[in-house]
$ cat work_5.cif   # mmCIF, C-alpha atoms and all ligand atoms
data_upload
loop_
_atom_site.group_PDB
_atom_site.id
_atom_site.type_symbol
_atom_site.label_atom_id
_atom_site.label_comp_id
_atom_site.auth_asym_id
_atom_site.auth_seq_id
_atom_site.Cartn_x
_atom_site.Cartn_y
_atom_site.Cartn_z
ATOM 1 C CA ARG A 165 18.804 16.631 -122.827
ATOM 2 C CA VAL A 166 22.134 17.990 -121.624
ATOM 3 C CA PRO A 167 24.803 18.575 -124.318
ATOM 4 C CA VAL A 168 27.179 15.689 -125.105
ATOM 5 C CA ALA A 169 30.252 15.923 -122.874
ATOM 6 C CA ILE A 170 33.537 14.013 -122.743
ATOM 7 C CA THR A 171 35.113 13.700 -119.310
ATOM 8 C CA PRO A 172 38.436 11.816 -119.629
ATOM 9 C CA SER A 173 39.595 9.722 -116.685
ATOM 10 C CA VAL A 174 43.199 10.220 -115.584
ATOM 11 C CA LEU A 175 43.273 6.815 -113.845
ATOM 12 C CA ASN A 176 45.544 5.255 -116.458
ATOM 13 C CA ALA A 177 47.484 8.449 -117.195
ATOM 14 C CA ASP A 178 50.821 9.285 -115.522
ATOM 15 C CA LEU A 179 49.613 9.948 -111.981
ATOM 16 C CA ALA A 180 53.029 11.338 -111.035
ATOM 17 C CA ASP A 181 52.478 14.106 -113.579
ATOM 18 C CA LEU A 182 48.779 14.845 -113.225
ATOM 19 C CA ALA A 183 49.108 18.514 -114.150
ATOM 20 C CA GLY A 184 51.039 17.614 -117.300
ATOM 21 C CA GLU A 185 48.507 14.961 -118.288
ATOM 22 C CA VAL A 186 45.547 17.275 -117.792
ATOM 23 C CA ALA A 187 47.287 19.875 -119.981
ATOM 24 C CA ARG A 188 47.125 17.337 -122.841
ATOM 25 C CA ILE A 189 43.289 17.435 -122.924
ATOM 26 C CA PRO A 190 42.399 21.151 -123.142
ATOM 27 C CA SER A 191 39.158 20.490 -125.028
ATOM 28 C CA ALA A 192 37.767 18.044 -122.452
ATOM 29 C CA ASP A 193 34.524 19.117 -120.788
ATOM 30 C CA ALA A 194 35.871 18.106 -117.361
ATOM 31 C CA VAL A 195 38.600 15.952 -115.835
ATOM 32 C CA HIS A 196 37.269 12.729 -114.294
ATOM 33 C CA VAL A 197 39.303 11.755 -111.223
ATOM 34 C CA ASP A 198 38.797 8.308 -109.679
ATOM 35 C CA VAL A 199 39.177 8.204 -105.894
ATOM 36 C CA MET A 200 39.483 4.640 -104.536
ATOM 37 C CA ASP A 201 39.977 3.537 -100.951
ATOM 38 C CA SER A 202 40.850 -0.184 -101.293
ATOM 39 C CA HIS A 203 37.631 -1.046 -99.407
ATOM 40 C CA PHE A 204 34.747 -0.183 -101.716
ATOM 41 C CA VAL A 205 36.940 -1.369 -104.604
ATOM 42 C CA PRO A 206 40.139 -3.459 -104.541
ATOM 43 C CA ASN A 207 42.391 -0.576 -105.555
ATOM 44 C CA LEU A 208 43.846 2.568 -103.985
ATOM 45 C CA THR A 209 44.455 5.745 -105.977
ATOM 46 C CA LEU A 210 44.507 9.237 -104.540
ATOM 47 C CA GLY A 211 42.446 11.544 -102.401
ATOM 48 C CA LEU A 212 41.811 15.060 -101.227
ATOM 49 C CA PRO A 213 45.430 16.320 -100.899
ATOM 50 C CA VAL A 214 46.223 15.424 -104.509
ATOM 51 C CA ILE A 215 42.951 16.867 -105.782
ATOM 52 C CA THR A 216 43.506 20.079 -103.819
ATOM 53 C CA SER A 217 46.874 20.399 -105.587
ATOM 54 C CA LEU A 218 45.435 19.522 -108.988
ATOM 55 C CA ARG A 219 42.789 22.235 -108.489
ATOM 56 C CA ARG A 220 45.572 24.840 -108.643
ATOM 57 C CA HIS A 221 46.937 23.456 -111.927
ATOM 58 C CA THR A 222 43.874 23.390 -114.159
ATOM 59 C CA SER A 223 40.869 25.530 -114.945
ATOM 60 C CA LEU A 224 38.944 22.547 -116.347
ATOM 61 C CA PRO A 225 36.043 21.468 -114.144
ATOM 62 C CA LEU A 226 36.884 18.542 -111.856
ATOM 63 C CA ASP A 227 34.481 15.599 -111.989
ATOM 64 C CA ILE A 228 35.269 13.503 -108.917
ATOM 65 C CA HIS A 229 34.205 9.834 -108.841
ATOM 66 C CA LEU A 230 34.339 8.562 -105.281
ATOM 67 C CA MET A 231 34.698 4.782 -105.072
ATOM 68 C CA ILE A 232 34.958 4.837 -101.298
ATOM 69 C CA GLU A 233 33.016 3.599 -98.307
ATOM 70 C CA ASP A 234 31.184 6.118 -96.144
ATOM 71 C CA ALA A 235 30.748 8.722 -98.870
ATOM 72 C CA ASP A 236 28.394 10.646 -96.519
ATOM 73 C CA ARG A 237 31.424 11.519 -94.448
ATOM 74 C CA TRP A 238 34.017 12.258 -97.132
ATOM 75 C CA ALA A 239 32.202 13.657 -100.183
ATOM 76 C CA PRO A 240 31.518 17.222 -98.929
ATOM 77 C CA ALA A 241 35.241 17.954 -98.552
ATOM 78 C CA TYR A 242 35.683 17.543 -102.322
ATOM 79 C CA ALA A 243 33.015 20.167 -102.936
ATOM 80 C CA GLU A 244 34.741 22.445 -100.430
ATOM 81 C CA ALA A 245 38.013 21.909 -102.324
ATOM 82 C CA GLY A 246 36.399 23.476 -105.400
ATOM 83 C CA CYS A 247 35.425 20.377 -107.393
ATOM 84 C CA GLU A 248 32.522 21.190 -109.711
ATOM 85 C CA SER A 249 30.950 17.740 -109.590
ATOM 86 C CA VAL A 250 31.069 15.038 -106.919
ATOM 87 C CA THR A 251 29.844 11.490 -107.575
ATOM 88 C CA PHE A 252 29.109 9.101 -104.707
ATOM 89 C CA HIS A 253 28.126 5.444 -105.055
ATOM 90 C CA VAL A 254 24.610 4.664 -103.892
ATOM 91 C CA GLU A 255 25.932 1.347 -102.520
ATOM 92 C CA ALA A 256 28.267 3.245 -100.182
ATOM 93 C CA THR A 257 25.981 6.048 -99.047
ATOM 94 C CA ARG A 258 23.574 5.950 -96.125
ATOM 95 C CA ALA A 259 21.654 9.150 -96.856
ATOM 96 C CA PRO A 260 21.925 10.039 -100.574
ATOM 97 C CA ILE A 261 19.252 12.750 -100.424
ATOM 98 C CA ARG A 262 20.902 14.503 -97.494
ATOM 99 C CA LEU A 263 24.318 14.181 -99.173
ATOM 100 C CA ALA A 264 23.064 15.553 -102.515
ATOM 101 C CA ARG A 265 21.598 18.575 -100.719
ATOM 102 C CA GLU A 266 24.810 19.107 -98.797
ATOM 103 C CA LEU A 267 26.853 19.055 -102.034
ATOM 104 C CA HIS A 268 24.476 21.578 -103.614
ATOM 105 C CA ALA A 269 24.752 23.840 -100.584
ATOM 106 C CA LEU A 270 28.531 23.774 -101.066
ATOM 107 C CA GLY A 271 28.149 24.779 -104.715
ATOM 108 C CA ALA A 272 28.907 21.442 -106.386
ATOM 109 C CA ARG A 273 26.873 19.304 -108.754
ATOM 110 C CA ALA A 274 25.593 16.142 -107.088
ATOM 111 C CA SER A 275 25.975 12.865 -108.939
ATOM 112 C CA MET A 276 25.119 9.309 -107.911
ATOM 113 C CA ALA A 277 26.832 6.207 -109.290
ATOM 114 C CA LEU A 278 25.476 2.681 -109.674
ATOM 115 C CA ARG A 279 27.596 -0.451 -110.063
ATOM 116 C CA PRO A 280 26.663 -2.573 -113.102
ATOM 117 C CA ALA A 281 24.412 -4.895 -111.072
ATOM 118 C CA THR A 282 22.604 -2.165 -109.107
ATOM 119 C CA PRO A 283 19.126 -1.468 -110.539
ATOM 120 C CA ILE A 284 17.994 2.111 -111.194
ATOM 121 C CA GLU A 285 14.303 1.606 -110.385
ATOM 122 C CA PRO A 286 14.543 1.821 -106.547
ATOM 123 C CA TYR A 287 16.138 5.261 -106.957
ATOM 124 C CA ALA A 288 13.818 6.714 -109.612
ATOM 125 C CA GLU A 289 12.173 9.148 -107.184
ATOM 126 C CA LEU A 290 15.433 10.574 -105.884
ATOM 127 C CA LEU A 291 16.872 11.441 -109.296
ATOM 128 C CA GLY A 292 15.214 14.855 -108.977
ATOM 129 C CA GLU A 293 17.734 15.627 -106.216
ATOM 130 C CA LEU A 294 20.644 15.010 -108.593
ATOM 131 C CA ASP A 295 22.400 16.681 -111.504
ATOM 132 C CA GLN A 296 23.803 13.444 -112.859
ATOM 133 C CA VAL A 297 23.559 9.657 -112.640
ATOM 134 C CA LEU A 298 26.709 7.660 -113.381
ATOM 135 C CA LEU A 299 26.054 4.174 -114.724
ATOM 136 C CA MET A 300 29.165 1.990 -114.437
ATOM 137 C CA THR A 301 29.757 -0.032 -117.584
ATOM 138 C CA VAL A 302 32.520 -2.111 -115.925
ATOM 139 C CA GLU A 303 32.932 -3.266 -112.334
ATOM 140 C CA PRO A 304 34.590 -0.252 -110.681
ATOM 141 C CA GLY A 305 38.210 -0.503 -109.590
ATOM 142 C CA PHE A 306 40.420 -0.510 -112.644
ATOM 143 C CA GLY A 307 40.852 1.149 -116.011
ATOM 144 C CA GLY A 308 41.242 -0.807 -119.215
ATOM 145 C CA GLN A 309 38.422 -3.320 -118.682
ATOM 146 C CA SER A 310 36.029 -4.271 -121.440
ATOM 147 C CA PHE A 311 32.667 -2.588 -121.803
ATOM 148 C CA LEU A 312 29.681 -4.493 -120.367
ATOM 149 C CA ASP A 313 26.906 -4.524 -122.965
ATOM 150 C CA LEU A 314 24.522 -5.874 -120.341
ATOM 151 C CA VAL A 315 24.266 -2.335 -118.893
ATOM 152 C CA LEU A 316 22.748 -0.939 -122.126
ATOM 153 C CA PRO A 317 19.116 -1.727 -121.187
ATOM 154 C CA LYS A 318 19.639 0.047 -117.840
ATOM 155 C CA ILE A 319 20.937 3.128 -119.684
ATOM 156 C CA ALA A 320 17.763 3.106 -121.778
ATOM 157 C CA ARG A 321 15.507 2.655 -118.710
ATOM 158 C CA THR A 322 17.330 5.500 -116.937
ATOM 159 C CA ARG A 323 16.842 7.737 -119.969
ATOM 160 C CA GLU A 324 13.114 6.998 -119.853
ATOM 161 C CA ILE A 325 12.921 7.795 -116.107
ATOM 162 C CA VAL A 326 14.820 11.064 -116.673
ATOM 163 C CA ARG A 327 12.597 11.958 -119.633
ATOM 164 C CA ARG A 328 9.451 11.400 -117.579
ATOM 165 C CA SER A 329 10.858 13.540 -114.748
ATOM 166 C CA GLY A 330 11.094 16.470 -117.166
ATOM 167 C CA GLN A 331 14.351 17.495 -115.480
ATOM 168 C CA GLN A 332 17.789 18.052 -116.959
ATOM 169 C CA ILE A 333 19.712 15.180 -115.404
ATOM 170 C CA ALA A 334 22.898 14.017 -117.127
ATOM 171 C CA ILE A 335 23.440 10.305 -117.685
ATOM 172 C CA GLN A 336 27.155 9.544 -117.503
ATOM 173 C CA VAL A 337 28.697 6.209 -118.456
ATOM 174 C CA ASP A 338 32.082 5.030 -117.195
ATOM 175 C CA GLY A 339 34.162 2.003 -118.140
ATOM 176 C CA GLY A 340 35.332 0.631 -121.471
ATOM 177 C CA VAL A 341 34.073 3.662 -123.399
ATOM 178 C CA SER A 342 35.910 3.965 -126.725
ATOM 179 C CA LEU A 343 35.321 4.882 -130.374
ATOM 180 C CA GLU A 344 33.960 1.366 -130.703
ATOM 181 C CA THR A 345 31.442 1.431 -127.820
ATOM 182 C CA ILE A 346 30.443 5.091 -127.463
ATOM 183 C CA GLU A 347 27.713 4.997 -130.133
ATOM 184 C CA ARG A 348 25.921 2.154 -128.334
ATOM 185 C CA CYS A 349 25.959 4.176 -125.102
ATOM 186 C CA ALA A 350 24.752 7.312 -126.865
ATOM 187 C CA SER A 351 21.909 5.570 -128.651
ATOM 188 C CA ALA A 352 20.823 3.936 -125.388
ATOM 189 C CA GLY A 353 20.553 7.446 -123.889
ATOM 190 C CA ALA A 354 23.870 8.438 -122.282
ATOM 191 C CA ASP A 355 25.108 11.992 -122.788
ATOM 192 C CA VAL A 356 28.265 12.294 -120.653
ATOM 193 C CA PHE A 357 31.128 9.911 -121.374
ATOM 194 C CA VAL A 358 34.126 8.953 -119.244
ATOM 195 C CA ALA A 359 37.016 7.485 -121.216
ATOM 196 C CA GLY A 360 40.371 6.622 -119.672
ATOM 197 C CA THR A 361 42.392 4.198 -121.758
ATOM 198 C CA ALA A 362 40.792 5.376 -125.010
ATOM 199 C CA VAL A 363 41.970 8.966 -124.395
ATOM 200 C CA PHE A 364 45.313 8.564 -122.639
ATOM 201 C CA GLY A 365 46.312 5.510 -124.677
ATOM 202 C CA ALA A 366 45.916 7.585 -127.856
ATOM 203 C CA SER A 367 48.922 9.310 -129.425
ATOM 204 C CA ASP A 368 46.945 12.587 -129.425
ATOM 205 C CA PRO A 369 44.615 12.551 -126.407
ATOM 206 C CA ASP A 370 42.923 15.858 -127.273
ATOM 207 C CA ALA A 371 42.158 14.710 -130.820
ATOM 208 C CA MET A 372 40.610 11.564 -129.298
ATOM 209 C CA VAL A 373 38.389 13.733 -127.084
ATOM 210 C CA SER A 374 37.053 15.459 -130.225
ATOM 211 C CA ALA A 375 36.671 12.170 -132.099
ATOM 212 C CA LEU A 376 34.682 10.659 -129.207
ATOM 213 C CA ARG A 377 32.481 13.749 -128.961
ATOM 214 C CA GLU A 378 31.710 13.647 -132.682
ATOM 215 C CA ARG A 379 30.869 9.971 -132.626
ATOM 216 C CA ALA A 380 28.639 10.350 -129.567
ATOM 217 C CA ALA A 381 26.787 13.238 -131.159
ATOM 218 C CA GLY A 382 26.157 10.954 -134.156
HETATM 219 C C1 LIG B 401 36.919 2.478 -113.148
HETATM 220 C C2 LIG B 401 36.914 3.987 -113.208
HETATM 221 C C3 LIG B 401 36.940 4.519 -114.579
HETATM 222 C C4 LIG B 401 38.153 4.118 -115.403
HETATM 223 C C5 LIG B 401 37.761 4.122 -116.824
HETATM 224 O O1 LIG B 401 36.607 2.053 -111.866
HETATM 225 O O2 LIG B 401 35.776 4.506 -112.568
HETATM 226 O O3 LIG B 401 36.786 5.947 -114.579
HETATM 227 O O4 LIG B 401 39.241 4.961 -115.249
HETATM 228 O O5 LIG B 401 38.834 3.648 -117.561
HETATM 229 P P1 LIG B 401 38.609 2.979 -118.974
HETATM 230 O O6 LIG B 401 38.050 4.037 -119.877
HETATM 231 O O7 LIG B 401 39.951 2.539 -119.366
HETATM 232 O O8 LIG B 401 37.632 1.841 -118.793
HETATM 233 ZN ZN ZN B 402 35.370 6.657 -112.859
#

$ encode --input "work_5.cif" --output "C-alpha cells"
Amino acid sequence: RVPVAITPSVLNADLADLAGEVARIPSADAVHVDVMDSHFVPNLTLGLPVITSLRRHTSLPLDIHLMIEDADRWAPAYAEAGCESVTFHVEATRAPIRLARELHALGARASMALRPATPIEPYAELLGELDQVLLMTVEPGFGGQSFLDLVLPKIARTREIVRRSGQQIAIQVDGGVSLETIERCASAGADVFVAGTAVFGASDPDAMVSALRERAAG
C-alpha cells in the first residue's frame, strides 16, 4: 500500500490568488488542480498558462486532474511544465497505454480517472502501466457536491485488483471527501484523498489537512 496522502483541490479556493491559497496548505502532500474544458464537463476552469505560473510559486507537488476531451493531445504538456502527476480520464483518452508511457518518459506519474459510472474491470490489465487510479465519487465538473456512496464497492474491487497485481498503485478518490466520508473511502481501500470544500471551507485549511490524514489513517 502507498502511504495515506491528502491532496487538496483548489477548485473552490480563491482562483485569483492561487499562490496565496496554496501557501495556506503547507502540509498537503500535493496540490490537486482541476482542469476543465467545458466539453468533457460543463465547466471551464484554467489550463497550462496558469499552471505554469503556479509552478513557480510552490514547491508542493502538482497533481493535475484533466477533465478535458482529447487528453492524448494535451496531457503531455502538463508533464513538460513540471507537474509531478497527471491524471487523464479514460472516457476521454484514445490510447491510455501510450499516454501513460509518454507521461513516464517525461518524468511524471501517470494516473487514470474513472467517472462514477465507469467500471474498473475492463481496465484491470492496464493498471500496471499506471501509478494511480482516480475514482470519482461525484460526477466531475463542480466542487461542493455530495459524496456518492454507490462508488464504495468499486473502490473495494479496485483495491482487490491492485492487491492481486502486487504493484504499488495509489487509489485516489475525488468528490465530497470530508471528515464525515473519508473513513468510508479509506476502509473501502482508497489511500489518496482529494478534498476541496472540506479543506478550503475550513477556517484553518492546514489543520483540516492533518485532521483528514489522521482520520483516513484510522
Ligand atoms: C470535481 C473535481 C474535484 C472537486 C472536489 O469535478 O474533480 O477535485 O474540486 O471538490 P469537493 O471536495 O468540494 O467535492
Ligand atoms: Zn479533481

$ closest_atom_pairs --input "work_5.cif" --of "chain A" --to "ligand LIG 401 (chain B)" --cutoff "6 Å" --atoms "all atoms listed in the file" --output "tab-separated table"
residue	atom	partner	partner_atom	distance
A:Ser173	CA	B:LIG401	O4	5.0
A:Leu175	CA	B:LIG401	O4	4.7
A:Asp198	CA	B:LIG401	O2	5.7
A:Pro304	CA	B:LIG401	O1	3.3
A:Gly305	CA	B:LIG401	O1	3.8
A:Phe306	CA	B:LIG401	C1	4.6
A:Gly307	CA	B:LIG401	O5	3.6
A:Gly308	CA	B:LIG401	O7	3.6
A:Gln309	CA	B:LIG401	O8	5.2
A:Asp338	CA	B:LIG401	O3	5.5
A:Gly339	CA	B:LIG401	O8	3.5
A:Gly340	CA	B:LIG401	O8	3.7
A:Val341	CA	B:LIG401	O6	5.3
A:Ala359	CA	B:LIG401	O6	3.8
A:Gly360	CA	B:LIG401	O6	3.5
A:Thr361	CA	B:LIG401	O7	3.8
A:Ala362	CA	B:LIG401	O6	6.0

$ write_last_selection --input "work_5.cif" --atoms "C-alpha atoms" --output "short mmCIF file (atom, residue, chain, number, x, y, z; two decimals), in the frame of the given file"
data_model
loop_
_atom_site.label_atom_id
_atom_site.label_comp_id
_atom_site.auth_asym_id
_atom_site.auth_seq_id
_atom_site.Cartn_x
_atom_site.Cartn_y
_atom_site.Cartn_z
CA SER A 173 39.60 9.72 -116.68
CA LEU A 175 43.27 6.82 -113.84
CA ASP A 198 38.80 8.31 -109.68
CA PRO A 304 34.59 -0.25 -110.68
CA GLY A 305 38.21 -0.50 -109.59
CA PHE A 306 40.42 -0.51 -112.64
CA GLY A 307 40.85 1.15 -116.01
CA GLY A 308 41.24 -0.81 -119.22
CA GLN A 309 38.42 -3.32 -118.68
CA ASP A 338 32.08 5.03 -117.20
CA GLY A 339 34.16 2.00 -118.14
CA GLY A 340 35.33 0.63 -121.47
CA VAL A 341 34.07 3.66 -123.40
CA ALA A 359 37.02 7.48 -121.22
CA GLY A 360 40.37 6.62 -119.67
CA THR A 361 42.39 4.20 -121.76
CA ALA A 362 40.79 5.38 -125.01
#

$ closest_atom_pairs --input "work_5.cif" --of "range 250-338 of chain A" --to "range 345-357 of chain A" --cutoff "7 Å" --atoms "all atoms listed in the file" --output "Markdown table"
| residue | atom | partner | partner_atom | distance |
| --- | --- | --- | --- | --- |
| A:Leu316 | CA | A:Ala352 | CA | 6.2 |
| A:Ile319 | CA | A:Ala352 | CA | 5.8 |
| A:Ala320 | CA | A:Ala352 | CA | 4.8 |
| A:Arg323 | CA | A:Gly353 | CA | 5.4 |
| A:Ala334 | CA | A:Asp355 | CA | 6.4 |
| A:Ile335 | CA | A:Ala354 | CA | 5.0 |
| A:Gln336 | CA | A:Val356 | CA | 4.3 |
| A:Val337 | CA | A:Phe357 | CA | 5.3 |
| A:Asp338 | CA | A:Phe357 | CA | 6.5 |

$ closest_atom_pairs --input "work_5.cif" --of "range 296-346 of chain A" --to "range 285-290 of chain A" --cutoff "9 Å" --atoms "all atoms listed in the file" --output "tab-separated table"
residue	atom	partner	partner_atom	distance
A:Arg321	CA	A:Glu285	CA	8.5
A:Thr322	CA	A:Glu285	CA	8.2
A:Ile325	CA	A:Ala288	CA	6.6
A:Val326	CA	A:Ala288	CA	8.4
A:Ser329	CA	A:Glu289	CA	8.8

$ resolve_selection --input "work_5.cif" --expression "the PyMOL selection byres (((chain A and resi 295) around 10) and not hetatm)" --output "ChimeraX atom specification"
/A:249-251,264,268,272-276,291-294,296-297,331-335

$ closest_residue --input "work_5.cif" --among "A:His203, A:Arg279, A:His221, A:Arg237" --to "ligand ZN 402 (chain B)" --atoms "only C-alpha atoms and all ligand atoms"
A:Arg279

$ atom_distance --input "work_5.cif" --atom1 "CA of Glu233 in chain A" --atom2 "CA of Ala256 in chain A"
5.1 Å

$ closest_residue --input "work_5.cif" --among "A:Leu343, A:Leu182, A:Met231, A:Ala375" --to "Pro206 in chain A" --atoms "all atoms listed in the file"
A:Met231

$ atom_distance --input "work_5.cif" --atom1 "CA of Ala177 in chain A" --atom2 "CA of Gly246 in chain A"
22.1 Å

$ atom_distance --input "work_5.cif" --atom1 "CA of Gly211 in chain A" --atom2 "CA of Leu230 in chain A"
9.1 Å

$ resolve_selection --input "work_5.cif" --expression "the PyMOL selection byres (((chain A and resi 168) around 8) and not hetatm)" --output "short mmCIF file (atom, residue, chain, number, x, y, z; two decimals) with C-alpha atoms, in the frame of the given file"
data_model
loop_
_atom_site.label_atom_id
_atom_site.label_comp_id
_atom_site.auth_asym_id
_atom_site.auth_seq_id
_atom_site.Cartn_x
_atom_site.Cartn_y
_atom_site.Cartn_z
CA VAL A 166 22.13 17.99 -121.62
CA PRO A 167 24.80 18.58 -124.32
CA ALA A 169 30.25 15.92 -122.87
CA ILE A 170 33.54 14.01 -122.74
CA ASP A 355 25.11 11.99 -122.79
CA VAL A 356 28.26 12.29 -120.65
CA PHE A 357 31.13 9.91 -121.37
CA ARG A 377 32.48 13.75 -128.96
CA ALA A 380 28.64 10.35 -129.57
CA ALA A 381 26.79 13.24 -131.16
#

$ resolve_selection --input "work_5.cif" --expression "the PyMOL selection byres (((chain A and resi 185-196) around 6) and not hetatm)" --output "ChimeraX atom specification"
/A:169-173,182-184,197,224-228,370

$ closest_residue --input "work_5.cif" --among "A:Asp178, A:Glu244, A:Glu266, A:Glu303" --to "ligand ZN 402 (chain B)" --atoms "only C-alpha atoms and all ligand atoms"
A:Glu303

$ decode --input "work_5.cif" --residues "range 352-379 of chain A" --atoms "N, CA and C atoms" --output "compact mmCIF listing (two decimals), in the first residue's frame"
# COMPACT_ATOMS: atom_id res chain seq x y z
N ALA A 352 -12.80 1.22 2.41
CA ALA A 352 -13.05 0.52 1.14
C ALA A 352 -11.74 0.26 0.39
N GLY A 353 -10.67 1.05 0.71
CA GLY A 353 -9.38 0.76 0.08
C GLY A 353 -8.68 1.95 -0.56
N ALA A 354 -9.23 3.15 -0.44
CA ALA A 354 -8.56 4.33 -1.00
C ALA A 354 -7.41 4.75 -0.12
N ASP A 355 -6.36 5.34 -0.72
CA ASP A 355 -5.24 5.81 0.09
C ASP A 355 -4.82 7.25 -0.21
N VAL A 356 -5.34 7.83 -1.29
CA VAL A 356 -5.03 9.23 -1.62
C VAL A 356 -6.37 9.97 -1.74
N PHE A 357 -6.47 11.10 -1.04
CA PHE A 357 -7.77 11.75 -0.88
C PHE A 357 -7.74 13.20 -1.36
N VAL A 358 -8.60 13.51 -2.33
CA VAL A 358 -8.79 14.89 -2.76
C VAL A 358 -9.89 15.48 -1.89
N ALA A 359 -9.69 16.69 -1.40
CA ALA A 359 -10.77 17.36 -0.68
C ALA A 359 -10.69 18.84 -1.02
N GLY A 360 -11.76 19.39 -1.54
CA GLY A 360 -11.80 20.79 -1.93
C GLY A 360 -12.50 21.63 -0.89
N THR A 361 -13.83 21.54 -0.88
CA THR A 361 -14.64 22.31 0.05
C THR A 361 -14.26 22.04 1.50
N ALA A 362 -14.00 20.77 1.83
CA ALA A 362 -13.69 20.43 3.22
C ALA A 362 -12.44 21.18 3.69
N VAL A 363 -11.44 21.33 2.81
CA VAL A 363 -10.19 21.99 3.20
C VAL A 363 -10.33 23.51 3.13
N PHE A 364 -10.75 24.02 1.97
CA PHE A 364 -10.74 25.48 1.80
C PHE A 364 -11.96 26.16 2.42
N GLY A 365 -12.96 25.37 2.81
CA GLY A 365 -14.10 25.93 3.54
C GLY A 365 -13.82 25.96 5.04
N ALA A 366 -12.70 25.36 5.46
CA ALA A 366 -12.37 25.33 6.89
C ALA A 366 -11.68 26.62 7.29
N SER A 367 -11.80 27.02 8.55
CA SER A 367 -11.16 28.26 8.99
C SER A 367 -9.65 28.09 8.98
N ASP A 368 -9.16 26.89 9.26
CA ASP A 368 -7.72 26.61 9.19
C ASP A 368 -7.49 25.44 8.22
N PRO A 369 -7.28 25.74 6.94
CA PRO A 369 -7.16 24.68 5.94
C PRO A 369 -6.06 23.67 6.26
N ASP A 370 -4.92 24.14 6.77
CA ASP A 370 -3.82 23.20 7.02
C ASP A 370 -4.15 22.25 8.17
N ALA A 371 -4.86 22.76 9.19
CA ALA A 371 -5.28 21.89 10.28
C ALA A 371 -6.26 20.85 9.77
N MET A 372 -7.10 21.23 8.80
CA MET A 372 -8.05 20.27 8.21
C MET A 372 -7.31 19.18 7.44
N VAL A 373 -6.23 19.55 6.76
CA VAL A 373 -5.42 18.55 6.05
C VAL A 373 -4.93 17.49 7.05
N SER A 374 -4.42 17.94 8.19
CA SER A 374 -3.93 16.99 9.21
C SER A 374 -5.07 16.16 9.78
N ALA A 375 -6.21 16.80 10.03
CA ALA A 375 -7.36 16.08 10.60
C ALA A 375 -7.84 15.00 9.63
N LEU A 376 -7.88 15.33 8.33
CA LEU A 376 -8.31 14.34 7.33
C LEU A 376 -7.32 13.19 7.27
N ARG A 377 -6.02 13.52 7.33
CA ARG A 377 -4.99 12.48 7.23
C ARG A 377 -5.11 11.51 8.41
N GLU A 378 -5.31 12.08 9.61
CA GLU A 378 -5.44 11.24 10.80
C GLU A 378 -6.65 10.33 10.70
N ARG A 379 -7.77 10.89 10.25
CA ARG A 379 -8.98 10.08 10.18
C ARG A 379 -8.85 8.99 9.13
